[in-house]
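Chemist: What follows is the file data.csv, containing CSV, C-alpha atoms and all ligand atoms:
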chain,number,residue,atom,x,y,z
B,1,MET,CA,99.8,16.7,39.4
B,2,SER,CA,98.0,16.7,42.8
B,3,LEU,CA,95.5,13.9,43.6
B,4,PRO,CA,91.8,15.0,43.9
B,5,HIS,CA,90.9,15.9,47.5
B,6,SER,CA,88.2,13.8,49.0
B,7,ILE,CA,85.9,15.4,51.6
B,8,ALA,CA,85.5,13.3,54.8
B,9,PRO,CA,82.0,11.9,55.2
B,10,ILE,CA,79.7,13.2,57.9
B,11,ARG,CA,79.5,10.3,60.4
B,12,HIS,CA,77.2,9.4,63.3
B,13,ASP,CA,78.9,6.1,64.3
B,14,TRP,CA,82.2,7.2,66.0
B,15,THR,CA,83.5,4.8,68.6
B,16,LEU,CA,85.1,6.1,71.8
B,17,GLU,CA,88.4,4.5,70.8
B,18,GLU,CA,88.4,6.3,67.5
B,19,ILE,CA,87.8,9.6,69.2
B,20,GLU,CA,90.4,9.0,71.9
B,21,ALA,CA,92.9,8.3,69.0
B,22,ILE,CA,92.1,11.7,67.6
B,23,PHE,CA,92.8,13.3,71.0
B,24,ASP,CA,96.2,11.4,71.1
B,25,LEU,CA,97.5,12.7,67.8
B,26,PRO,CA,100.6,14.9,67.9
B,27,PHE,CA,99.4,18.5,68.3
B,28,SER,CA,100.5,19.6,64.9
B,29,ASP,CA,98.9,16.6,63.1
B,30,LEU,CA,95.7,17.2,65.0
B,31,LEU,CA,95.6,20.9,64.0
B,32,PHE,CA,96.5,20.2,60.4
B,33,ARG,CA,93.7,17.6,60.1
B,34,ALA,CA,91.1,19.9,61.8
B,35,GLN,CA,92.1,22.9,59.7
B,36,SER,CA,91.9,20.9,56.5
B,37,ILE,CA,88.4,19.7,57.3
B,38,HIS,CA,87.5,23.2,58.3
B,39,ARG,CA,88.4,24.6,54.9
B,40,ASP,CA,86.3,21.9,53.1
B,41,HIS,CA,83.2,23.5,54.7
B,42,PHE,CA,83.9,27.1,55.7
B,43,ASP,CA,85.7,30.2,54.8
B,44,PRO,CA,88.5,30.0,57.5
B,45,ASN,CA,88.7,33.8,57.9
B,46,GLN,CA,85.1,34.4,58.8
B,47,ILE,CA,83.7,34.1,62.3
B,48,GLN,CA,80.0,34.0,63.2
B,49,VAL,CA,79.2,36.4,65.9
B,50,SER,CA,76.4,36.1,68.5
B,51,THR,CA,75.4,38.3,71.4
B,52,LEU,CA,74.0,36.9,74.6
B,53,LEU,CA,71.5,38.4,77.0
B,54,SER,CA,70.1,37.0,80.2
B,55,ILE,CA,66.4,37.7,80.0
B,56,LYS,CA,65.6,36.1,83.4
B,57,THR,CA,68.4,35.8,85.9
B,58,GLY,CA,69.0,33.6,89.0
B,59,ALA,CA,66.8,31.8,91.5
B,60,CYS,CA,67.0,28.6,89.3
B,61,PRO,CA,65.7,25.4,91.0
B,62,GLU,CA,68.4,23.2,89.3
B,63,ASP,CA,71.7,22.4,90.9
B,64,CYS,CA,74.2,22.6,88.0
B,65,GLY,CA,77.5,22.7,89.9
B,66,TYR,CA,79.1,25.3,87.6
B,67,CYS,CA,76.3,27.8,87.6
B,68,ALA,CA,76.0,31.1,89.5
B,69,GLN,CA,72.2,31.1,88.9
B,70,SER,CA,71.3,28.0,90.9
B,71,ALA,CA,69.3,28.9,94.0
B,72,LYS,CA,71.1,25.9,95.7
B,73,HIS,CA,74.5,27.6,95.6
B,74,GLU,CA,75.9,30.5,97.6
B,75,ALA,CA,77.0,32.6,94.6
B,76,LYS,CA,76.4,36.4,95.1
B,77,LEU,CA,73.9,37.3,92.4
B,78,GLU,CA,70.9,39.6,92.2
B,79,SER,CA,67.9,37.6,90.8
B,80,GLU,CA,65.8,39.4,88.2
B,81,ARG,CA,62.4,38.7,86.8
B,82,LEU,CA,61.7,38.1,83.1
B,83,MET,CA,62.7,41.3,81.2
B,84,PRO,CA,60.0,43.3,79.4
B,85,VAL,CA,60.0,42.7,75.6
B,86,GLY,CA,60.8,46.3,74.8
B,87,GLU,CA,64.0,46.3,76.8
B,88,VAL,CA,65.1,43.1,75.2
B,89,LEU,CA,64.6,44.5,71.7
B,90,LYS,CA,66.6,47.6,72.6
B,91,VAL,CA,69.6,45.4,73.6
B,92,ALA,CA,69.1,43.4,70.4
B,93,GLU,CA,69.1,46.5,68.2
B,94,GLU,CA,72.3,47.7,69.9
B,95,ALA,CA,74.0,44.3,69.3
B,96,ARG,CA,73.0,44.4,65.7
B,97,SER,CA,74.5,47.9,65.2
B,98,LYS,CA,77.8,46.5,66.6
B,99,GLY,CA,77.8,43.6,64.0
B,100,ALA,CA,76.2,40.7,65.8
B,101,THR,CA,74.0,38.6,63.4
B,102,ARG,CA,72.5,36.3,66.0
B,103,PHE,CA,70.8,37.2,69.3
B,104,CYS,CA,70.7,34.6,72.0
B,105,MET,CA,68.4,34.9,75.0
B,106,GLY,CA,69.0,32.8,78.1
B,107,ALA,CA,66.6,32.2,81.1
B,108,ALA,CA,67.4,30.6,84.4
B,109,TRP,CA,64.5,28.1,84.3
B,110,ARG,CA,64.3,24.3,84.7
B,111,ASN,CA,61.7,24.6,82.0
B,112,PRO,CA,59.4,27.4,80.8
B,113,THR,CA,55.7,27.5,81.7
B,114,ASP,CA,53.3,28.1,78.9
B,115,LYS,CA,52.9,31.7,80.1
B,116,ASN,CA,56.6,32.3,80.2
B,117,LEU,CA,56.7,31.0,76.6
B,118,ASP,CA,54.2,33.5,75.4
B,119,GLN,CA,56.5,36.3,76.5
B,120,VAL,CA,59.6,34.7,75.0
B,121,ILE,CA,57.7,34.2,71.7
B,122,ALA,CA,57.1,38.0,71.6
B,123,MET,CA,60.8,38.5,72.1
B,124,VAL,CA,61.7,36.0,69.3
B,125,GLU,CA,59.3,37.7,66.9
B,126,GLY,CA,60.7,41.1,67.7
B,127,VAL,CA,64.3,40.1,67.2
B,128,HIS,CA,63.4,38.2,64.0
B,129,ALA,CA,61.8,41.4,62.7
B,130,LEU,CA,65.1,43.2,63.3
B,131,GLY,CA,66.6,40.8,60.7
B,132,MET,CA,68.7,38.9,63.2
B,133,GLU,CA,68.9,35.2,63.7
B,134,THR,CA,67.3,34.2,67.0
B,135,CYS,CA,68.4,31.6,69.7
B,136,VAL,CA,66.9,30.9,73.1
B,137,THR,CA,68.0,28.7,76.0
B,138,LEU,CA,65.1,28.1,78.4
B,139,GLY,CA,65.9,24.7,80.0
B,140,MET,CA,63.8,21.6,79.2
B,141,LEU,CA,61.1,21.8,76.5
B,142,ASN,CA,58.2,19.4,75.6
B,143,ALA,CA,57.2,18.7,72.0
B,144,ASP,CA,54.4,21.3,72.0
B,145,GLN,CA,56.6,24.1,73.3
B,146,ALA,CA,59.2,23.3,70.7
B,147,SER,CA,56.7,23.6,67.9
B,148,ARG,CA,55.3,26.9,69.3
B,149,LEU,CA,58.9,28.3,69.2
B,150,LYS,CA,59.4,27.0,65.7
B,151,ALA,CA,56.1,28.6,64.5
B,152,ALA,CA,57.3,31.9,66.1
B,153,GLY,CA,60.3,32.0,63.7
B,154,LEU,CA,63.0,30.9,66.2
B,155,ASP,CA,66.1,29.7,64.5
B,156,TYR,CA,68.2,27.9,67.2
B,157,TYR,CA,67.5,26.3,70.5
B,158,ASN,CA,70.6,26.0,72.9
B,159,HIS,CA,70.6,23.1,75.2
B,160,ASN,CA,74.0,21.7,76.2
B,161,LEU,CA,74.9,18.1,77.1
B,162,ASP,CA,77.5,19.8,79.3
B,163,THR,CA,79.7,16.7,79.8
B,164,SER,CA,79.9,12.9,79.3
B,165,PRO,CA,77.1,10.7,80.6
B,166,GLU,CA,79.7,9.1,82.9
B,167,PHE,CA,80.7,12.4,84.6
B,168,TYR,CA,77.3,14.1,84.5
B,169,GLY,CA,76.1,12.9,87.9
B,170,GLN,CA,79.0,14.6,89.6
B,171,VAL,CA,77.9,18.0,88.2
B,172,ILE,CA,74.1,17.9,88.1
B,173,THR,CA,71.6,15.8,90.1
B,174,THR,CA,68.2,17.6,89.4
B,175,ARG,CA,67.8,16.5,85.8
B,176,THR,CA,69.1,13.5,83.9
B,177,TYR,CA,71.3,13.1,80.8
B,178,GLN,CA,68.3,11.5,79.2
B,179,ASP,CA,66.1,14.6,79.9
B,180,ARG,CA,68.6,16.6,77.9
B,181,LEU,CA,68.6,14.2,75.0
B,182,ASP,CA,64.8,14.2,75.0
B,183,THR,CA,64.7,18.1,74.8
B,184,LEU,CA,67.2,17.9,71.9
B,185,GLU,CA,65.0,15.4,70.2
B,186,HIS,CA,61.9,17.6,70.5
B,187,VAL,CA,63.9,20.5,69.1
B,188,ARG,CA,65.2,18.5,66.2
B,189,ASN,CA,61.8,17.0,65.4
B,190,VAL,CA,60.2,20.4,64.8
B,191,GLY,CA,63.0,21.5,62.5
B,192,LEU,CA,64.6,24.0,64.9
B,193,LYS,CA,68.4,24.2,64.6
B,194,THR,CA,70.1,22.8,67.6
B,195,CYS,CA,73.0,24.4,69.5
B,196,SER,CA,74.5,21.9,71.9
B,197,GLY,CA,77.9,21.5,73.4
B,198,GLY,CA,79.5,21.4,76.8
B,199,ILE,CA,81.9,22.8,79.4
B,200,LEU,CA,85.6,21.9,80.0
B,201,GLY,CA,87.7,22.3,83.1
B,202,MET,CA,85.1,20.9,85.5
B,203,GLY,CA,87.5,18.1,86.7
B,204,GLU,CA,86.5,15.7,84.0
B,205,SER,CA,89.0,13.3,82.3
B,206,ARG,CA,90.1,13.2,78.7
B,207,ARG,CA,88.0,10.2,78.3
B,208,ASP,CA,85.0,12.2,79.5
B,209,ARG,CA,85.8,14.9,77.0
B,210,ALA,CA,86.0,12.3,74.2
B,211,SER,CA,82.7,10.7,75.4
B,212,MET,CA,80.9,14.0,75.4
B,213,LEU,CA,81.9,14.7,71.8
B,214,ARG,CA,80.9,11.1,70.9
B,215,GLN,CA,77.4,11.8,72.3
B,216,LEU,CA,77.1,15.0,70.2
B,217,THR,CA,78.5,13.6,66.9
B,218,ASN,CA,76.4,10.4,67.2
B,219,LEU,CA,73.1,12.3,67.5
B,220,PRO,CA,70.8,11.6,64.5
B,221,ALA,CA,71.8,15.0,63.2
B,222,HIS,CA,74.9,17.0,64.3
B,223,PRO,CA,74.0,20.1,66.2
B,224,GLU,CA,74.3,23.0,63.8
B,225,SER,CA,76.2,24.9,66.5
B,226,VAL,CA,78.5,23.4,69.1
B,227,PRO,CA,79.5,25.7,72.0
B,228,ILE,CA,82.7,24.7,73.8
B,229,ASN,CA,82.7,26.6,77.1
B,230,LEU,CA,85.7,26.8,79.4
B,231,LEU,CA,84.3,26.8,83.0
B,232,VAL,CA,83.9,30.3,84.3
B,233,GLN,CA,84.7,29.7,88.0
B,234,VAL,CA,82.2,31.6,90.1
B,235,GLU,CA,82.8,31.9,93.9
B,236,GLY,CA,80.1,30.1,95.8
B,237,THR,CA,79.5,27.4,93.2
B,238,PRO,CA,80.6,23.8,94.0
B,239,LEU,CA,83.1,23.9,91.1
B,240,PHE,CA,84.9,27.0,92.2
B,241,GLY,CA,88.6,26.3,92.8
B,242,GLN,CA,88.9,23.5,90.2
B,243,ALA,CA,92.4,23.0,88.8
B,244,GLN,CA,92.9,24.9,85.6
B,245,LEU,CA,92.7,22.9,82.4
B,246,ASP,CA,95.8,22.7,80.2
B,247,PRO,CA,95.1,25.3,77.4
B,248,PHE,CA,96.4,22.8,74.8
B,249,GLU,CA,93.8,20.3,75.9
B,250,PHE,CA,91.1,22.9,75.3
B,251,VAL,CA,92.5,23.4,71.7
B,252,ARG,CA,92.5,19.6,71.3
B,253,VAL,CA,88.8,19.5,72.1
B,254,VAL,CA,88.0,22.3,69.6
B,255,ALA,CA,90.0,20.4,66.9
B,256,ALA,CA,88.3,17.1,67.7
B,257,ALA,CA,84.8,18.8,67.6
B,258,ARG,CA,85.7,20.2,64.1
B,259,ILE,CA,86.9,16.8,62.9
B,260,LEU,CA,83.8,15.0,64.3
B,261,MET,CA,81.2,17.6,63.2
B,262,PRO,CA,82.8,19.0,60.0
B,263,ALA,CA,79.9,21.2,58.9
B,264,SER,CA,78.8,22.6,62.3
B,265,TYR,CA,79.7,25.9,63.7
B,266,VAL,CA,82.1,25.4,66.7
B,267,ARG,CA,81.8,28.2,69.2
B,268,LEU,CA,84.6,29.4,71.3
B,269,SER,CA,82.1,30.1,74.1
B,270,ALA,CA,82.4,31.1,77.8
B,271,GLY,CA,85.9,31.5,79.3
B,272,ARG,CA,87.6,33.8,76.7
B,273,THR,CA,88.4,36.4,79.4
B,274,GLU,CA,90.9,33.9,80.8
B,275,MET,CA,92.4,33.1,77.4
B,276,SER,CA,95.4,34.9,75.8
B,277,ASP,CA,95.0,36.2,72.2
B,278,GLU,CA,97.4,33.5,71.2
B,279,LEU,CA,95.3,30.7,72.7
B,280,GLN,CA,92.2,32.1,70.9
B,281,ALA,CA,94.1,32.2,67.6
B,282,LEU,CA,95.0,28.5,68.1
B,283,CYS,CA,91.3,27.7,68.6
B,284,PHE,CA,90.4,29.5,65.4
B,285,LEU,CA,93.2,27.5,63.7
B,286,ALA,CA,91.7,24.3,65.2
B,287,GLY,CA,88.3,25.1,63.6
B,288,ALA,CA,86.4,27.4,66.0
B,289,ASN,CA,84.4,29.8,63.9
B,290,SER,CA,81.9,31.4,66.2
B,291,ILE,CA,82.1,33.5,69.3
B,292,PHE,CA,80.0,35.4,71.8
B,293,TYR,CA,80.6,39.1,71.2
B,294,GLY,CA,79.7,41.8,73.7
B,295,GLU,CA,80.7,42.8,77.2
B,296,ARG,CA,78.6,40.2,79.1
B,297,LEU,CA,77.8,36.5,78.9
B,298,LEU,CA,74.8,35.7,81.1
B,299,THR,CA,76.0,36.7,84.6
B,300,THR,CA,79.7,37.0,84.1
B,301,PRO,CA,81.9,39.4,81.9
B,302,ASN,CA,82.9,38.4,78.4
B,303,ALA,CA,86.0,39.4,76.5
B,304,GLU,CA,86.0,43.2,75.9
B,305,SER,CA,84.6,44.2,72.4
B,306,ASP,CA,87.6,46.5,71.7
B,307,ARG,CA,90.0,43.6,72.4
B,308,ASP,CA,88.0,41.3,70.1
B,309,ARG,CA,88.0,43.9,67.3
B,310,GLN,CA,91.7,44.3,67.6
B,311,LEU,CA,92.2,40.6,67.7
B,312,PHE,CA,90.1,40.1,64.5
B,313,GLU,CA,92.1,42.8,62.8
B,314,ARG,CA,95.4,41.4,63.8
B,315,LEU,CA,94.4,37.9,62.6
B,316,GLY,CA,92.6,39.1,59.4
B,317,LEU,CA,89.3,37.7,60.5
B,318,ALA,CA,85.9,39.1,59.5
B,319,PHE,CA,82.5,39.0,61.1
B,320,GLU,CA,80.4,36.6,59.0
B,321,GLN,CA,77.0,37.7,57.8
B,322,VAL,CA,74.6,34.9,56.9
B,323,GLU,CA,72.6,35.7,53.8
B,324,ALA,CA,68.8,35.5,54.0
B,325,GLU,CA,68.9,32.2,52.3
B,326,ARG,CA,70.0,29.8,55.1
B,327,THR,CA,72.1,26.7,54.6
B,328,GLU,CA,72.2,23.4,56.4
B,329,PRO,CA,75.2,21.4,57.6
B,330,GLY,CA,76.5,19.2,54.8
B,331,ALA,CA,76.0,21.9,52.2
B,332,CYS,CA,78.7,24.5,51.7
B,333,HIS,CA,77.8,27.6,53.7
B,334,LYS,CA,77.1,30.8,51.8
B,335,HIS,CA,78.3,33.9,53.4
B,336,THR,CA,79.0,37.5,52.8
B,337,GLU,CA,81.7,39.4,54.7
B,338,HIS,CA,80.6,41.9,57.3
B,339,LYS,CA,83.2,44.7,57.3
B,340,LEU,CA,84.6,45.3,60.8
B,341,ALA,CA,84.3,49.0,60.2
B,342,LEU,CA,80.6,48.7,60.6
B,343,SER,CA,81.0,47.3,64.1
B,344,VAL,CA,83.3,50.0,65.5
S,401,LIG,N1,68.7,27.2,82.3
S,401,LIG,C1,68.9,26.8,81.0
S,401,LIG,C2,69.7,25.5,80.9
S,401,LIG,O1,70.5,25.2,81.8
S,401,LIG,O2,69.4,24.7,80.0
S,401,LIG,C3,69.6,27.8,80.1
S,401,LIG,C4,70.7,28.7,80.6
S,401,LIG,S1,72.2,27.8,81.1
S,401,LIG,C5,73.1,29.1,81.9
S,401,LIG,C6,73.0,27.5,79.5
S,401,LIG,C7,74.4,26.9,79.6
S,401,LIG,O3,75.4,27.8,80.0
S,401,LIG,C8,74.6,25.7,80.5
S,401,LIG,O4,74.1,24.5,80.0
S,401,LIG,C9,76.1,25.6,80.6
S,401,LIG,O5,76.6,24.8,79.6
S,401,LIG,C10,76.5,27.1,80.3
S,401,LIG,N2,77.1,27.6,81.6
S,401,LIG,C11,76.5,28.1,82.7
S,401,LIG,N3,77.3,28.5,83.6
S,401,LIG,C12,78.6,28.4,83.1
S,401,LIG,C13,79.8,28.6,83.6
S,401,LIG,N4,80.0,29.1,84.9
S,401,LIG,N5,80.9,28.4,82.9
S,401,LIG,C14,80.7,27.9,81.6
S,401,LIG,N6,79.5,27.6,81.1
S,401,LIG,C15,78.5,27.8,81.8
S,402,LIG,C1,76.5,28.3,76.2
S,402,LIG,O1,77.0,27.2,75.8
S,402,LIG,N1,77.2,29.2,76.8
S,402,LIG,C2,76.4,30.4,77.1
S,402,LIG,C3,75.1,30.1,76.4
S,402,LIG,N2,75.3,28.7,75.9
S,402,LIG,C4,73.8,30.3,77.0
S,402,LIG,C5,76.4,30.7,78.6
S,402,LIG,C6,77.7,30.9,79.2
S,402,LIG,C7,77.4,31.3,80.6
S,402,LIG,C8,78.7,31.6,81.4
S,402,LIG,C9,78.5,32.0,82.8
S,402,LIG,C10,77.6,33.2,83.0
S,402,LIG,O2,77.8,34.2,82.4
S,402,LIG,O3,76.7,33.0,83.9
S,403,LIG,FE1,69.6,26.7,86.1
S,403,LIG,FE2,70.6,26.6,83.6
S,403,LIG,FE3,72.1,27.4,85.6
S,403,LIG,FE4,71.4,24.9,85.5
S,403,LIG,S1,72.7,26.0,84.0
S,403,LIG,S2,71.4,26.2,87.4
S,403,LIG,S3,69.4,25.0,84.7
S,403,LIG,S4,70.3,28.4,84.8
Could you render the structure from this file as structure tokens?
Ligand code: SAM
Ligand code: DTB
Ligand code: SF4

Modeler:
Amino acid sequence: MSLPHSIAPIRHDWTLEEIEAIFDLPFSDLLFRAQSIHRDHFDPNQIQVSTLLSIKTGACPEDCGYCAQSAKHEAKLESERLMPVGEVLKVAEEARSKGATRFCMGAAWRNPTDKNLDQVIAMVEGVHALGMETCVTLGMLNADQASRLKAAGLDYYNHNLDTSPEFYGQVITTRTYQDRLDTLEHVRNVGLKTCSGGILGMGESRRDRASMLRQLTNLPAHPESVPINLLVQVEGTPLFGQAQLDPFEFVRVVAAARILMPASYVRLSAGRTEMSDELQALCFLAGANSIFYGERLLTTPNAESDRDRQLFERLGLAFEQVEAERTEPGACHKHTEHKLALSV
């Protein structure tokens, strides 16, 4: 007779030492633990699929060392003004017809002005009316802007911590770590779902990676979505030419994120063009259950959709479709399967 299986509690009090011990586990033990926790909360063969669109590109006043869109760097990039609502909705409709259930819109702003926000709100309402989940990432928000977005029907706000508090100053100097935590607090306070994660491969140490995850897991509520980006190296940015991260270290971070935030979606985010199919499969095994799908991220190419469809088919994975009734972390997620055939 097998012993009853107890589900690990959702915790917000992890110490750095505990998290470092997770990172130090033998690889197979780490993956087994992550996959077991994953199965307590999710169907392991379903992947949430989001499509990303840059609604306002480049000329950003911030100096994030990884980003092609900073006006402070030499990256070759055509700046574009805020897209008209109709054009955005056309792209969203196309993404929906290919199987995406969430549409994420990104703008290269330090923070939106109230006039900017009026236009973004029209986009959110339009995408919502298409029956898709909506996500925006617009930089820093104040409390009032967060509640306006909530009232417009926005589902998620993406705002990444990017790295550990200790390493942060080597990557960004124009806004503080506390600024980011404050924006996340405004977003949480109005009942928007938070999407927050970071970037790996910027020259940070394993301790920094553990420390970043500690910040995320010890927030008052776990972000519902945790994007783990592999740095996309863009010529002209300060971080171009960084040494490549050991791919197994990337998988370890995904597994640790799954263990620390059991009921959150962990997104295998930027950087998939540089990953083999085998590495992505290991990430799914480690508990990643969300991807960006579609040919472009914001300013750089994403993995080809054909390749993704083939990979899903080879691995027996399906696009997840969230039912109208939404669920919160901690509850068991309710999904229906979205047949891949629909997306071809
Ligand atoms: N300007 C807004 C902000 O920074 O909050 C929103 C857009 S910004 C491009 C969103 C996130 O994309 C960043 O926080 C960062 O984590 C990620 N990102 C940007 N450039 C990247 C790159 N080259 N490689 C990996 N991730 C990147
Ligand atoms: C996130 O964590 N990754 C996305 C999204 N949130 C906005 C952005 C990735 C950007 C990759 C580089 C580019 O295309 O400019
Ligand atoms: Fe601007 Fe966002 Fe890029 Fe930073 S990450 S430079 S805030 S667009």

Chemist: For Ile259 of chain B, which of B:Ala318, B:Val91, B:Ile7, B:Val187 is the closest residue, counting all atoms listed in the file?

Modeler: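 So, comparing all the options, the nearest one is B:Ile7.
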
Chemist: Mind running chain B against ligand LIG 403 (chain S) at 6 Å and telling me each contacting residue's nearest atom pair with the distance in Å (one decimal), counting all atoms listed in the file, chain and number ascending, as CSV?

Modeler:
residue,atom,partner,partner_atom,distance
B:Cys60,CA,S:LIG403,FE1,4.5
B:Glu62,CA,S:LIG403,S2,4.6
B:Asp63,CA,S:LIG403,S2,5.2
B:Cys64,CA,S:LIG403,FE4,4.4
B:Cys67,CA,S:LIG403,FE3,4.7
B:Gln69,CA,S:LIG403,FE3,5.0
B:Ser70,CA,S:LIG403,S2,3.9
B:Ala108,CA,S:LIG403,S4,3.7
B:Trp109,CA,S:LIG403,FE1,5.6
B:Arg110,CA,S:LIG403,S3,5.1
B:Gly139,CA,S:LIG403,S3,5.9

Chemist: Select the residues contacting ligand LIG 402 (chain S) at a distance of at most 8 Å, based on only C-alpha atoms and all ligand atoms, then format the selection as a PDB file with C-alpha atoms, keeping the file's coordinate frame.

Modeler:
ATOM      1  CA  LEU B  52      74.000  36.900  74.600  1.00  0.00           C
ATOM      2  CA  CYS B  67      76.300  27.800  87.600  1.00  0.00           C
ATOM      3  CA  ALA B  68      76.000  31.100  89.500  1.00  0.00           C
ATOM      4  CA  GLN B  69      72.200  31.100  88.900  1.00  0.00           C
ATOM      5  CA  CYS B 104      70.700  34.600  72.000  1.00  0.00           C
ATOM      6  CA  MET B 105      68.400  34.900  75.000  1.00  0.00           C
ATOM      7  CA  GLY B 106      69.000  32.800  78.100  1.00  0.00           C
ATOM      8  CA  VAL B 136      66.900  30.900  73.100  1.00  0.00           C
ATOM      9  CA  THR B 137      68.000  28.700  76.000  1.00  0.00           C
ATOM     10  CA  ASN B 158      70.600  26.000  72.900  1.00  0.00           C
ATOM     11  CA  HIS B 159      70.600  23.100  75.200  1.00  0.00           C
ATOM     12  CA  ASN B 160      74.000  21.700  76.200  1.00  0.00           C
ATOM     13  CA  CYS B 195      73.000  24.400  69.500  1.00  0.00           C
ATOM     14  CA  SER B 196      74.500  21.900  71.900  1.00  0.00           C
ATOM     15  CA  GLY B 197      77.900  21.500  73.400  1.00  0.00           C
ATOM     16  CA  GLY B 198      79.500  21.400  76.800  1.00  0.00           C
ATOM     17  CA  ILE B 199      81.900  22.800  79.400  1.00  0.00           C
ATOM     18  CA  VAL B 226      78.500  23.400  69.100  1.00  0.00           C
ATOM     19  CA  PRO B 227      79.500  25.700  72.000  1.00  0.00           C
ATOM     20  CA  ILE B 228      82.700  24.700  73.800  1.00  0.00           C
ATOM     21  CA  ASN B 229      82.700  26.600  77.100  1.00  0.00           C
ATOM     22  CA  LEU B 231      84.300  26.800  83.000  1.00  0.00           C
ATOM     23  CA  VAL B 232      83.900  30.300  84.300  1.00  0.00           C
ATOM     24  CA  SER B 269      82.100  30.100  74.100  1.00  0.00           C
ATOM     25  CA  ALA B 270      82.400  31.100  77.800  1.00  0.00           C
ATOM     26  CA  GLY B 271      85.900  31.500  79.300  1.00  0.00           C
ATOM     27  CA  ARG B 296      78.600  40.200  79.100  1.00  0.00           C
ATOM     28  CA  LEU B 297      77.800  36.500  78.900  1.00  0.00           C
ATOM     29  CA  LEU B 298      74.800  35.700  81.100  1.00  0.00           C
ATOM     30  CA  THR B 299      76.000  36.700  84.600  1.00  0.00           C
ATOM     31  CA  THR B 300      79.700  37.000  84.100  1.00  0.00           C
ATOM     32  CA  PRO B 301      81.900  39.400  81.900  1.00  0.00           C
ATOM     33  CA  ASN B 302      82.900  38.400  78.400  1.00  0.00           C
TER      34      ASN B 302
END

Chemist: So which one's closest to Gly99 of chain B, B:Thr183, B:Asn116, B:Thr51, B:Asn142? Using only C-alpha atoms, please.

Modeler: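 Residue with the minimum atom-to-atom distance to Gly99 of chain B: B:Thr51.
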
Chemist: Please, what distance in Å, to one decimal, runs between atom CA of His5 of chain B and atom CA of Phe23 of chain B?

Modeler: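 The value is 23.7 Å.
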
Chemist: For ligand LIG 401 (chain S), which of B:Gly287, B:Gly294, B:Gly153, B:Gly236 is the closest residue, counting all atoms listed in the file?

Modeler: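 Distance minimum relative to ligand LIG 401 (chain S) lands on B:Gly236.
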
Chemist: In file coordinates, which residues lie within 12 Å of (94.2, 34.2, 80.2) using all atoms listed in the file, given as a short mmCIF file (atom, residue, chain, number, x, y, z; two decimals) with C-alpha atoms, keeping the file's coordinate frame?

Modeler:
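Writing the result to out_17.cif gives the following:
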data_model
loop_
_atom_site.label_atom_id
_atom_site.label_comp_id
_atom_site.auth_asym_id
_atom_site.auth_seq_id
_atom_site.Cartn_x
_atom_site.Cartn_y
_atom_site.Cartn_z
CA LEU B 230 85.70 26.80 79.40
CA VAL B 232 83.90 30.30 84.30
CA GLN B 244 92.90 24.90 85.60
CA LEU B 245 92.70 22.90 82.40
CA ASP B 246 95.80 22.70 80.20
CA PRO B 247 95.10 25.30 77.40
CA GLY B 271 85.90 31.50 79.30
CA ARG B 272 87.60 33.80 76.70
CA THR B 273 88.40 36.40 79.40
CA GLU B 274 90.90 33.90 80.80
CA MET B 275 92.40 33.10 77.40
CA SER B 276 95.40 34.90 75.80
CA ASP B 277 95.00 36.20 72.20
CA GLU B 278 97.40 33.50 71.20
CA LEU B 279 95.30 30.70 72.70
CA GLN B 280 92.20 32.10 70.90
CA ALA B 303 86.00 39.40 76.50
#

Chemist: Let me make sure I understand: among B:Val124, B:Val266, B:Ile172, B:Leu216, which one has the smallest atom-to-atom distance to Ala34 of chain B if we use only C-alpha atoms?

Modeler: B:Val266

Chemist: Check the smallest atom-to-atom distance from each of B:Arg314, B:Ile291, B:Thr194, B:Thr237 to Lys76 of chain B using only C-alpha atoms, then report the winner.

Modeler: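 The shortest atom-to-atom distance to Lys76 of chain B comes from B:Thr237.
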
Chemist: To one decimal place, how far is atom CA of Ala263 of chain B from atom CA of Ala151 of chain B in Å?

Modeler: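 We find that atom CA of Ala263 of chain B and atom CA of Ala151 of chain B lie 25.5 Å from each other.
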
Chemist: Anything within 9 Å of (66.2, 39.5, 64.9): list those residues as a VMD selection string, counting all atoms listed in the file and sticking to the file's coordinates.

Modeler: chain B and resid 89 92 to 93 96 101 to 103 124 to 134
